[in-house]
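Chemist: One structure coming up, written as structure tokens, with questions to follow.
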Amino acid sequence: MQPGTPRLGVAMIGYAFMGAAHSQGWRVAPRFFDLPLRPEMRVVVGRDEARVSAAAQRFGWAGYETDWRRVLQREDVDLVDICVPGDLHAQIATEALQAGKHVLCEKPLANTVAEAEQMASAAEAAAVRGVFAMVGFTYRRVPAIALAAQLVAEGRLGTIRHVRAQYLQDWIADEQAPLSWRLDKEKAGSGALGDIGAHIVDLAQFVTGHHIIGVSGMLETFVTERPVAAEHAGLSGTAGGGRGPVTVDDAAVFTARTTGGALATFEATRFAWGRKNAIRLEVNGSKGSLAFDFEDMNVLHFFDATEPARTAGFRRIVVTEGEHPYLAAWWPPGHGLGYEHGFVHQAVDLVHALAENRQPEPSFAEGLNVQRVLDAVVRSSANGSSWTTV
Ligand code: SOE
């Protein structure tokens with residue numbers, strides 16, 4: 001980065017799993033990419049002083065605060081990065097935008113469509129003043145996914161006919177796995193649907209360039225009561241005494257139609273034993289197919305149906321060449337990337353958009369669109385899986 005590069009003061013609210021990942025993004029981005037603004041990790045916010053000060057030290061933040069409203073008053077903060085559960089997104093994002101701070105907000109954008117609408121209109125008003133908001137659908141920044149989107153946009157797949165999207169995890173497949181905020185509707189809004197289903201809705205729309213126009217869905221909660229957690233660690237934790245209700249869905253399955261005339265299927269579950277973070281996306285077009293699985297995230301499979309049938313077959317592209325999206329900044333070919341690189345690329349893309357005074361993508365409007373799809377799935381499921389327009 002050039003000496004004299006203008007600074008971008010960042011405040012991050014929350015410091016758990018997502019906070020650690022975002023910290024990594026902010027810390028590494030300026031070290032590997034030439035950025036037009038230098039992100040500075042000024043302050044991390046959390047309610048528990050002992051824990052937030054330890055997080056500041058560990059993740060490399062210059063300071064900490066225990067009240068998020070205080071950072072909105074700080075002159076040295078230009079951007080607020082929201083990494084807390086969904087019940088706080090609307091309030092923090094709206095006040096931050098009103099205070100003139102750019103916002104990066106974790107997904108799903110909100111817990112309800114009404115909150116997402118409020119956030120999208122706050123973002124629209126702020127954009128007029130050159131203050132921008134983006135939602136953190138990080139998997140868009142996985143190079144193999146970005147390459148898939150490029151191939152579709154270049155017409156290599158022709159007309160898109162099918163999207164098959166799955167997000168499979170198993171971290172609560174054990175019926176004794178304890179409760180956490182992700183299983184609490186008040187905090188998370190929904191379960192697998194919003195937490196991981198939101199990602200595959202975004203990915204399907206991002207890769208194809210289509211939007212979902214209607215759905216037919218089913219939600220299920222397989223385990224309705226679990227032990228209360230004594231300690232939280234990572235996604236789960238250790239069980240303590242007593243039990244409490246699970247108030248969200250464990251799994252969501254839905255079919256959909258898209259603006260481009262494709263038929264799509266979606267499955268999001270935390271009950272797929274052995275599947276840890278399997279985001280699988282398959283797209284079939286009139287001229288070929290693409291397939292991706294995050295558990296082999298440096299690879300994209302491409303079938304080109306215009307090739308002679310005699311030798312045609314799925315091609316396994318190792319997406320680590322300098323000409324692949326984001327890869328010029330990284331390692332020699334074959335030296336793959338990991339989960340955290342999506343957060344680095346997210347910071348890079350956001351910083352470029354801000355420096356160029358343009359709307360970063362995905363915008364809050366796009367986050368609202370995903371929220372409307374999730375809401376349609378909930379309504380459909382509650383109504384015997386009836387066809388529900390978005
Ligand atoms: C838990 O299911 C979780 O951490 C999600 O909240 C993230 O968005 C996903 O990327 C990984 O899994």
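Residue numbers start at 1 in each chain; chains themselves are named A, B, ... in the order of the structure tokens; ligands are numbered from 1 in the order shown.
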What parts of region 45-208 of chain A does DSSP call helix (DSSP H, G or I)? I'd like the answer as an MDAnalysis selection string.
Modeler: chainID A and resid 49:59 68:72 86:98 113:128 138:141 143:153 181:183 185:188 192:208
Chemist: If we count only C-alpha atoms, what is near region 248-262 of chain A at a cut-off of 8 Å, once residues fewer than 4 positions away on the same chain are taken out, given as a VMD selection string?
Modeler: chain A and resid 160 to 163 183 to 185 189 to 193 197 210 to 223 266 to 271 377
Chemist: Might you pull out every residue within 12 Å of region 57-71 of chain A, with only C-alpha atoms counted and same-chain residues fewer than 3 positions away left off, and present them as a PyMOL selection string?
Modeler: chain A and resi 9-28+39-54+74-84+88-89+91-96+98-101
Chemist: List every residue of region 104-179 of chain A that DSSP, applied to the backbone, labels as strand (DSSP E or B), and write the result as number ranges by chain.
Modeler: A: 104-106, 133-136, 160-168
Chemist: So how far away is atom 9 (C, counted along the ligand's line) of ligand 1 from CA of Gln176 (chain A), in Å?
Modeler: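 Atom-to-atom, CA of Gln176 (chain A) to atom 9 (C, counted along the ligand's line) of ligand 1, that is 21.3 Å.
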Chemist: Compute the set of protein, DNA and RNA residues whose minimum atom distance to ligand 1 is at most 7 Å, using only C-alpha atoms and all ligand atoms, and state it as a ChimeraX atom specification.
Modeler: /A:107,195-196,235,277
Chemist: Find the residues around region 136-141 of chain A up to 6 Å (only C-alpha atoms counted), leave out those fewer than 2 positions away in its own chain, and share them as a list in words.
Modeler: Cys105, Glu106, Lys107, Pro143, Gly342 and His345 of chain A
Chemist: Would you pick out the contacts of region 326-339 of chain A at 7 Å or less, using only C-alpha atoms, so that residues sharing its chain but fewer than 5 positions from it are not included, and give the list as a list in words?
Modeler: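 Returned residues: Phe32, Phe33, Pro143, Asn298, Thr320 and Glu321 of chain A.
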Chemist: Hey, can you check how far CA of Ala347 (chain A) sits from CA of Phe364 (chain A)?
Modeler: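 Separation of CA of Ala347 (chain A) and CA of Phe364 (chain A): 16.3 Å.
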Chemist: Need to verify the contact set: Arg316 (chain A), 10 Å, only C-alpha atoms, exclusion of same-chain residues closer than 4 positions in sequence. Can you return it as a compact mmCIF listing (two decimals) with all heavy atoms, in the first residue's frame?
Modeler:
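To be explicit, this is the file written out as part.txt:
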```txt
# COMPACT_ATOMS: atom_id res chain seq x y z
N ALA A 291 -20.63 -27.18 -11.08
CA ALA A 291 -20.88 -27.77 -9.76
C ALA A 291 -19.79 -27.34 -8.80
O ALA A 291 -18.60 -27.29 -9.16
CB ALA A 291 -20.93 -29.29 -9.87
N VAL A 299 -12.08 -25.76 -5.88
CA VAL A 299 -12.37 -26.46 -7.14
C VAL A 299 -13.74 -26.06 -7.68
O VAL A 299 -14.71 -25.94 -6.92
CB VAL A 299 -12.32 -27.99 -6.89
CG1 VAL A 299 -12.91 -28.76 -8.07
CG2 VAL A 299 -10.88 -28.43 -6.63
N LEU A 300 -13.81 -25.88 -9.00
CA LEU A 300 -15.10 -25.69 -9.68
C LEU A 300 -15.17 -26.73 -10.80
O LEU A 300 -14.21 -26.90 -11.56
CB LEU A 300 -15.18 -24.28 -10.27
CG LEU A 300 -16.50 -23.97 -11.00
CD1 LEU A 300 -17.67 -23.94 -10.02
CD2 LEU A 300 -16.41 -22.63 -11.74
N HIS A 301 -16.30 -27.43 -10.87
CA HIS A 301 -16.49 -28.41 -11.95
C HIS A 301 -17.32 -27.76 -13.05
O HIS A 301 -18.35 -27.13 -12.78
CB HIS A 301 -17.23 -29.65 -11.41
CG HIS A 301 -16.43 -30.40 -10.39
ND1 HIS A 301 -15.57 -31.42 -10.72
CD2 HIS A 301 -16.33 -30.24 -9.05
CE1 HIS A 301 -14.98 -31.88 -9.62
NE2 HIS A 301 -15.42 -31.17 -8.60
N PHE A 302 -16.86 -27.93 -14.28
CA PHE A 302 -17.52 -27.29 -15.43
C PHE A 302 -17.69 -28.33 -16.53
O PHE A 302 -16.72 -28.97 -16.94
CB PHE A 302 -16.67 -26.11 -15.90
CG PHE A 302 -17.16 -25.43 -17.15
CD1 PHE A 302 -18.50 -25.16 -17.35
CD2 PHE A 302 -16.25 -25.03 -18.13
CE1 PHE A 302 -18.94 -24.52 -18.51
CE2 PHE A 302 -16.68 -24.38 -19.29
CZ PHE A 302 -18.03 -24.14 -19.48
N PHE A 303 -18.91 -28.47 -17.00
CA PHE A 303 -19.18 -29.34 -18.15
C PHE A 303 -19.59 -28.46 -19.31
O PHE A 303 -20.57 -27.71 -19.22
CB PHE A 303 -20.30 -30.35 -17.83
CG PHE A 303 -20.60 -31.29 -18.96
CD1 PHE A 303 -19.94 -32.51 -19.06
CD2 PHE A 303 -21.53 -30.96 -19.94
CE1 PHE A 303 -20.21 -33.37 -20.11
CE2 PHE A 303 -21.80 -31.81 -20.99
CZ PHE A 303 -21.14 -33.02 -21.09
```
Chemist: Which residue gives the smallest distance to Ala133 (chain A) among A:Arg280, A:Arg156, A:Lys187, A:His102, with only C-alpha atoms counted?
Modeler: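 Closest to Ala133 (chain A) of all the choices is A:His102.
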Chemist: Between CA of Ala355 (chain A) and CA of Arg7 (chain A), what is the spacing in Å?
Modeler: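 We find that CA of Arg7 (chain A) and CA of Ala355 (chain A) lie 10.3 Å from each other.
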